[in-house]
Amino acid sequence: MDDVDHGPAVRFPPPLIFIGVAMIGPVVDWLLRLPPLPIPGGLSMIFLFPGFILIGIAIGLFRRRGENPIPATPTGEVIDTGIYARTRNPMYLGMAIAYPGIAILLHSMPALLLWPLAILLVRKYVIAREEAYLEAKFGAPYLEYMNRVSRWF
């Protein structure tokens, strides 16, 4: 690693990836004149509430440790306690859980069907960069953490 720590070089904020992919859905709906998703909007809370709670817990732990939760920034330590003892990516897991709720609010079947694409994009363009950065910066302790704790749950 360089003498200067520039962070994991994440170029796209994960929330924008999830929201951006979801917003493709209404465009497809409009272009193809598809009917609205036949799920009541109120059911979105089944996904939004737990997703946002998980994100909030993870951000809270970052802040208590004095770390910046923005993935493009350098980090001073591997956080492996609290929710991070159960999943290496609780913020992204929370976003993935909340995503169907957003699709339901948009009343868009294409948005719902694009959910796996959003997860794959975050995996490739965010998580892969973060993991390479953390492995290079922290070495064996991070590799041990990866072996001990799964990526998602």
# chains A, B, ... in the order shown; residues from 1 in each chain; ligands from 1

$ residues_around --residues "range 123-140 of chain A" --least-positions-apart "5" --cutoff "12 Å" --atoms "only C-alpha atoms" --output "PyMOL selection string"
chain A and resi 1-18+69-79+88-93+96+116-118+145-147+151-152

$ closest_residue --among "A:Ser108, A:Phe153, A:Leu113, A:Val122" --to "Arg33 in chain A" --atoms "only C-alpha atoms"
A:Ser108

$ atom_distance --atom1 "CA of Pro35 in chain A" --atom2 "CA of Met95 in chain A"
25.8 Å

$ closest_residue --among "A:Leu43, A:Leu48, A:Leu121, A:Leu32" --to "Tyr99 in chain A" --atoms "only C-alpha atoms"
A:Leu48

$ closest_residue --among "A:Arg86, A:Ile102, A:Gly60, A:Thr81" --to "Ile39 in chain A" --atoms "only C-alpha atoms"
A:Ile102

$ select_by_dssp --residues "chain A" --states "helix (DSSP H, G or I)" --output "PyMOL selection string"
chain A and resi 14-32+41-64+82-85+90-105+109-113+115-138+140-148

$ write_last_selection --atoms "C-alpha atoms" --output "compact mmCIF listing (two decimals), in the first residue's frame"
# COMPACT_ATOMS: atom_id res chain seq x y z
CA PRO A 14 -23.82 2.17 -2.78
CA PRO A 15 -27.14 3.91 -1.97
CA LEU A 16 -27.03 5.56 -5.40
CA ILE A 17 -26.39 2.19 -7.05
CA PHE A 18 -29.45 0.66 -5.37
CA ILE A 19 -31.66 3.69 -6.05
CA GLY A 20 -30.34 4.12 -9.59
CA VAL A 21 -31.11 0.51 -10.50
CA ALA A 22 -34.55 0.77 -8.88
CA MET A 23 -35.33 3.90 -10.90
CA ILE A 24 -34.79 1.96 -14.13
CA GLY A 25 -38.00 0.11 -13.25
CA PRO A 26 -40.44 3.02 -13.70
CA VAL A 27 -38.71 3.94 -16.95
CA VAL A 28 -39.25 0.40 -18.26
CA ASP A 29 -42.85 0.54 -16.98
CA TRP A 30 -43.43 3.75 -18.92
CA LEU A 31 -41.69 2.58 -22.09
CA LEU A 32 -43.54 -0.75 -22.17
CA GLY A 41 -47.55 0.21 -1.05
CA GLY A 42 -47.95 -0.28 2.69
CA LEU A 43 -46.23 -3.66 2.42
CA SER A 44 -43.03 -1.82 1.56
CA MET A 45 -42.46 -1.32 5.30
CA ILE A 46 -41.84 -5.06 5.68
CA PHE A 47 -38.58 -4.43 3.80
CA LEU A 48 -37.83 -0.77 4.46
CA PHE A 49 -38.04 -0.88 8.25
CA PRO A 50 -35.59 -3.75 8.90
CA GLY A 51 -33.28 -2.56 6.13
CA PHE A 52 -33.02 0.97 7.51
CA ILE A 53 -32.66 -0.32 11.10
CA LEU A 54 -29.72 -2.49 10.04
CA ILE A 55 -28.10 0.43 8.20
CA GLY A 56 -28.60 2.68 11.24
CA ILE A 57 -27.04 0.15 13.62
CA ALA A 58 -24.00 -0.23 11.36
CA ILE A 59 -23.53 3.52 10.90
CA GLY A 60 -23.90 4.04 14.64
CA LEU A 61 -21.10 1.56 15.33
CA PHE A 62 -18.87 3.27 12.75
CA ARG A 63 -19.48 6.65 14.36
CA ARG A 64 -18.86 5.36 17.91
CA GLY A 82 -21.53 -5.72 17.17
CA ILE A 83 -23.41 -6.31 13.94
CA TYR A 84 -20.03 -6.67 12.18
CA ALA A 85 -19.48 -9.90 14.13
CA PRO A 90 -24.44 -4.84 7.28
CA MET A 91 -24.99 -1.50 5.51
CA TYR A 92 -25.16 -3.17 2.08
CA LEU A 93 -27.26 -5.99 3.50
CA GLY A 94 -29.64 -3.35 4.88
CA MET A 95 -29.79 -1.66 1.48
CA ALA A 96 -30.44 -5.01 -0.20
CA ILE A 97 -33.24 -5.75 2.28
CA ALA A 98 -34.78 -2.29 1.77
CA TYR A 99 -34.61 -2.48 -2.04
CA PRO A 100 -37.82 -4.53 -2.55
CA GLY A 101 -39.61 -1.96 -0.40
CA ILE A 102 -38.49 0.77 -2.78
CA ALA A 103 -39.68 -1.30 -5.76
CA ILE A 104 -43.05 -1.75 -4.05
CA LEU A 105 -43.32 2.00 -3.40
CA MET A 109 -42.26 -5.07 -11.37
CA PRO A 110 -39.13 -4.30 -13.46
CA ALA A 111 -37.61 -2.52 -10.44
CA LEU A 112 -38.26 -5.62 -8.36
CA LEU A 113 -36.80 -7.90 -11.03
CA TRP A 115 -32.92 -6.33 -7.48
CA PRO A 116 -30.23 -8.99 -8.18
CA LEU A 117 -28.52 -6.59 -10.60
CA ALA A 118 -28.22 -3.96 -7.88
CA ILE A 119 -26.68 -6.51 -5.51
CA LEU A 120 -24.23 -7.70 -8.19
CA LEU A 121 -23.16 -4.14 -9.00
CA VAL A 122 -22.52 -3.35 -5.33
CA ARG A 123 -20.62 -6.62 -4.97
CA LYS A 124 -18.42 -5.89 -7.99
CA TYR A 125 -17.86 -2.13 -7.75
CA VAL A 126 -17.95 -1.56 -4.00
CA ILE A 127 -17.43 -4.69 -1.91
CA ALA A 128 -14.63 -6.10 -4.10
CA ARG A 129 -12.73 -2.79 -3.88
CA GLU A 130 -13.26 -2.54 -0.13
CA GLU A 131 -12.12 -6.11 0.48
CA ALA A 132 -8.97 -5.67 -1.62
CA TYR A 133 -8.19 -2.41 0.21
CA LEU A 134 -8.77 -3.89 3.68
CA GLU A 135 -6.73 -7.01 2.87
CA ALA A 136 -3.84 -4.87 1.60
CA LYS A 137 -4.01 -2.52 4.58
CA PHE A 138 -4.61 -4.97 7.44
CA ALA A 140 -3.79 -11.39 8.24
CA PRO A 141 -6.21 -9.85 10.78
CA TYR A 142 -8.61 -8.95 7.97
CA LEU A 143 -8.24 -12.36 6.32
CA GLU A 144 -9.04 -14.01 9.68
CA TYR A 145 -12.11 -11.77 9.99
CA MET A 146 -13.21 -12.77 6.45
CA ASN A 147 -12.89 -16.44 7.38
CA ARG A 148 -14.81 -15.95 10.62

$ decode --residues "range 82-97 of chain A" --atoms "all heavy atoms" --output "PDB file, in the first residue's frame"
ATOM      1  N   GLY A  82     -20.149  -6.097  17.414  1.00  0.00           N
ATOM      2  CA  GLY A  82     -21.529  -5.716  17.174  1.00  0.00           C
ATOM      3  C   GLY A  82     -22.084  -6.439  15.958  1.00  0.00           C
ATOM      4  O   GLY A  82     -21.830  -7.617  15.746  1.00  0.00           O
ATOM      5  N   ILE A  83     -22.803  -5.725  15.133  1.00  0.00           N
ATOM      6  CA  ILE A  83     -23.406  -6.313  13.937  1.00  0.00           C
ATOM      7  C   ILE A  83     -22.332  -6.827  12.979  1.00  0.00           C
ATOM      8  O   ILE A  83     -22.558  -7.765  12.223  1.00  0.00           O
ATOM      9  CB  ILE A  83     -24.368  -5.311  13.249  1.00  0.00           C
ATOM     10  CG1 ILE A  83     -25.214  -6.010  12.186  1.00  0.00           C
ATOM     11  CG2 ILE A  83     -23.615  -4.143  12.632  1.00  0.00           C
ATOM     12  CD1 ILE A  83     -26.186  -7.011  12.725  1.00  0.00           C
ATOM     13  N   TYR A  84     -21.135  -6.240  13.045  1.00  0.00           N
ATOM     14  CA  TYR A  84     -20.032  -6.674  12.175  1.00  0.00           C
ATOM     15  C   TYR A  84     -19.448  -8.020  12.603  1.00  0.00           C
ATOM     16  O   TYR A  84     -18.637  -8.588  11.888  1.00  0.00           O
ATOM     17  CB  TYR A  84     -18.943  -5.607  12.117  1.00  0.00           C
ATOM     18  CG  TYR A  84     -19.347  -4.438  11.264  1.00  0.00           C
ATOM     19  CD1 TYR A  84     -20.017  -3.350  11.813  1.00  0.00           C
ATOM     20  CD2 TYR A  84     -19.117  -4.436   9.899  1.00  0.00           C
ATOM     21  CE1 TYR A  84     -20.422  -2.291  11.033  1.00  0.00           C
ATOM     22  CE2 TYR A  84     -19.511  -3.379   9.100  1.00  0.00           C
ATOM     23  CZ  TYR A  84     -20.170  -2.309   9.675  1.00  0.00           C
ATOM     24  OH  TYR A  84     -20.586  -1.271   8.887  1.00  0.00           O
ATOM     25  N   ALA A  85     -19.870  -8.548  13.737  1.00  0.00           N
ATOM     26  CA  ALA A  85     -19.481  -9.900  14.132  1.00  0.00           C
ATOM     27  C   ALA A  85     -20.397 -10.935  13.476  1.00  0.00           C
ATOM     28  O   ALA A  85     -20.107 -12.128  13.505  1.00  0.00           O
ATOM     29  CB  ALA A  85     -19.539 -10.044  15.652  1.00  0.00           C
ATOM     30  N   ARG A  86     -21.486 -10.468  12.857  1.00  0.00           N
ATOM     31  CA  ARG A  86     -22.453 -11.356  12.193  1.00  0.00           C
ATOM     32  C   ARG A  86     -22.418 -11.259  10.670  1.00  0.00           C
ATOM     33  O   ARG A  86     -22.722 -12.215   9.977  1.00  0.00           O
ATOM     34  CB  ARG A  86     -23.862 -11.031  12.661  1.00  0.00           C
ATOM     35  CG  ARG A  86     -24.065 -11.157  14.116  1.00  0.00           C
ATOM     36  CD  ARG A  86     -24.902 -12.352  14.355  1.00  0.00           C
ATOM     37  NE  ARG A  86     -25.213 -12.447  15.777  1.00  0.00           N
ATOM     38  CZ  ARG A  86     -25.165 -13.577  16.403  1.00  0.00           C
ATOM     39  NH1 ARG A  86     -24.826 -14.662  15.772  1.00  0.00           N
ATOM     40  NH2 ARG A  86     -25.462 -13.630  17.659  1.00  0.00           N
ATOM     41  N   THR A  87     -22.107 -10.072  10.162  1.00  0.00           N
ATOM     42  CA  THR A  87     -22.047  -9.853   8.723  1.00  0.00           C
ATOM     43  C   THR A  87     -20.988  -8.803   8.431  1.00  0.00           C
ATOM     44  O   THR A  87     -20.897  -7.807   9.152  1.00  0.00           O
ATOM     45  CB  THR A  87     -23.407  -9.414   8.134  1.00  0.00           C
ATOM     46  OG1 THR A  87     -23.222  -9.016   6.771  1.00  0.00           O
ATOM     47  CG2 THR A  87     -24.042  -8.280   8.900  1.00  0.00           C
ATOM     48  N   ARG A  88     -20.185  -9.030   7.398  1.00  0.00           N
ATOM     49  CA  ARG A  88     -19.137  -8.064   7.063  1.00  0.00           C
ATOM     50  C   ARG A  88     -19.703  -6.821   6.387  1.00  0.00           C
ATOM     51  O   ARG A  88     -19.032  -5.795   6.331  1.00  0.00           O
ATOM     52  CB  ARG A  88     -18.098  -8.711   6.126  1.00  0.00           C
ATOM     53  CG  ARG A  88     -17.325  -9.819   6.777  1.00  0.00           C
ATOM     54  CD  ARG A  88     -16.085 -10.216   6.000  1.00  0.00           C
ATOM     55  NE  ARG A  88     -16.204 -10.355   4.583  1.00  0.00           N
ATOM     56  CZ  ARG A  88     -16.331 -11.511   3.931  1.00  0.00           C
ATOM     57  NH1 ARG A  88     -16.384 -12.644   4.606  1.00  0.00           N
ATOM     58  NH2 ARG A  88     -16.387 -11.533   2.620  1.00  0.00           N
ATOM     59  N   ASN A  89     -20.899  -6.914   5.860  1.00  0.00           N
ATOM     60  CA  ASN A  89     -21.471  -5.810   5.098  1.00  0.00           C
ATOM     61  C   ASN A  89     -22.890  -5.465   5.557  1.00  0.00           C
ATOM     62  O   ASN A  89     -23.830  -5.510   4.763  1.00  0.00           O
ATOM     63  CB  ASN A  89     -21.478  -6.154   3.607  1.00  0.00           C
ATOM     64  CG  ASN A  89     -20.096  -6.387   3.064  1.00  0.00           C
ATOM     65  OD1 ASN A  89     -19.748  -7.495   2.705  1.00  0.00           O
ATOM     66  ND2 ASN A  89     -19.291  -5.351   3.018  1.00  0.00           N
ATOM     67  N   PRO A  90     -23.066  -5.095   6.814  1.00  0.00           N
ATOM     68  CA  PRO A  90     -24.438  -4.836   7.275  1.00  0.00           C
ATOM     69  C   PRO A  90     -25.116  -3.652   6.591  1.00  0.00           C
ATOM     70  O   PRO A  90     -26.332  -3.669   6.402  1.00  0.00           O
ATOM     71  CB  PRO A  90     -24.276  -4.594   8.777  1.00  0.00           C
ATOM     72  CG  PRO A  90     -22.863  -4.180   8.953  1.00  0.00           C
ATOM     73  CD  PRO A  90     -22.092  -4.905   7.882  1.00  0.00           C
ATOM     74  N   MET A  91     -24.356  -2.631   6.195  1.00  0.00           N
ATOM     75  CA  MET A  91     -24.986  -1.504   5.506  1.00  0.00           C
ATOM     76  C   MET A  91     -25.514  -1.945   4.143  1.00  0.00           C
ATOM     77  O   MET A  91     -26.644  -1.608   3.769  1.00  0.00           O
ATOM     78  CB  MET A  91     -24.020  -0.345   5.353  1.00  0.00           C
ATOM     79  CG  MET A  91     -23.767   0.397   6.649  1.00  0.00           C
ATOM     80  SD  MET A  91     -22.725   1.824   6.378  1.00  0.00           S
ATOM     81  CE  MET A  91     -21.394   1.472   7.499  1.00  0.00           C
ATOM     82  N   TYR A  92     -24.724  -2.714   3.405  1.00  0.00           N
ATOM     83  CA  TYR A  92     -25.157  -3.170   2.085  1.00  0.00           C
ATOM     84  C   TYR A  92     -26.258  -4.215   2.208  1.00  0.00           C
ATOM     85  O   TYR A  92     -27.165  -4.260   1.383  1.00  0.00           O
ATOM     86  CB  TYR A  92     -23.983  -3.707   1.275  1.00  0.00           C
ATOM     87  CG  TYR A  92     -22.833  -2.729   1.231  1.00  0.00           C
ATOM     88  CD1 TYR A  92     -21.523  -3.152   1.239  1.00  0.00           C
ATOM     89  CD2 TYR A  92     -23.072  -1.349   1.211  1.00  0.00           C
ATOM     90  CE1 TYR A  92     -20.473  -2.252   1.210  1.00  0.00           C
ATOM     91  CE2 TYR A  92     -22.029  -0.444   1.192  1.00  0.00           C
ATOM     92  CZ  TYR A  92     -20.743  -0.898   1.196  1.00  0.00           C
ATOM     93  OH  TYR A  92     -19.709   0.001   1.181  1.00  0.00           O
ATOM     94  N   LEU A  93     -26.181  -5.039   3.237  1.00  0.00           N
ATOM     95  CA  LEU A  93     -27.257  -5.992   3.498  1.00  0.00           C
ATOM     96  C   LEU A  93     -28.547  -5.237   3.790  1.00  0.00           C
ATOM     97  O   LEU A  93     -29.608  -5.586   3.269  1.00  0.00           O
ATOM     98  CB  LEU A  93     -26.884  -6.919   4.662  1.00  0.00           C
ATOM     99  CG  LEU A  93     -27.936  -7.939   5.078  1.00  0.00           C
ATOM    100  CD1 LEU A  93     -28.325  -8.844   3.914  1.00  0.00           C
ATOM    101  CD2 LEU A  93     -27.415  -8.758   6.261  1.00  0.00           C
ATOM    102  N   GLY A  94     -28.459  -4.174   4.599  1.00  0.00           N
ATOM    103  CA  GLY A  94     -29.638  -3.352   4.881  1.00  0.00           C
ATOM    104  C   GLY A  94     -30.208  -2.727   3.622  1.00  0.00           C
ATOM    105  O   GLY A  94     -31.428  -2.680   3.423  1.00  0.00           O
ATOM    106  N   MET A  95     -29.333  -2.248   2.752  1.00  0.00           N
ATOM    107  CA  MET A  95     -29.793  -1.659   1.482  1.00  0.00           C
ATOM    108  C   MET A  95     -30.454  -2.727   0.610  1.00  0.00           C
ATOM    109  O   MET A  95     -31.478  -2.466  -0.039  1.00  0.00           O
ATOM    110  CB  MET A  95     -28.626  -1.013   0.739  1.00  0.00           C
ATOM    111  CG  MET A  95     -28.091   0.228   1.413  1.00  0.00           C
ATOM    112  SD  MET A  95     -26.622   0.866   0.553  1.00  0.00           S
ATOM    113  CE  MET A  95     -25.810   1.711   1.898  1.00  0.00           C
ATOM    114  N   ALA A  96     -29.873  -3.920   0.593  1.00  0.00           N
ATOM    115  CA  ALA A  96     -30.440  -5.012  -0.202  1.00  0.00           C
ATOM    116  C   ALA A  96     -31.802  -5.434   0.352  1.00  0.00           C
ATOM    117  O   ALA A  96     -32.714  -5.761  -0.419  1.00  0.00           O
ATOM    118  CB  ALA A  96     -29.480  -6.197  -0.242  1.00  0.00           C
ATOM    119  N   ILE A  97     -31.952  -5.412   1.665  1.00  0.00           N
ATOM    120  CA  ILE A  97     -33.237  -5.750   2.280  1.00  0.00           C
ATOM    121  C   ILE A  97     -34.271  -4.663   1.980  1.00  0.00           C
ATOM    122  O   ILE A  97     -35.434  -4.952   1.714  1.00  0.00           O
ATOM    123  CB  ILE A  97     -33.079  -5.960   3.803  1.00  0.00           C
ATOM    124  CG1 ILE A  97     -32.273  -7.235   4.079  1.00  0.00           C
ATOM    125  CG2 ILE A  97     -34.441  -6.009   4.502  1.00  0.00           C
ATOM    126  CD1 ILE A  97     -31.818  -7.405   5.516  1.00  0.00           C
TER     127      ILE A  97
END
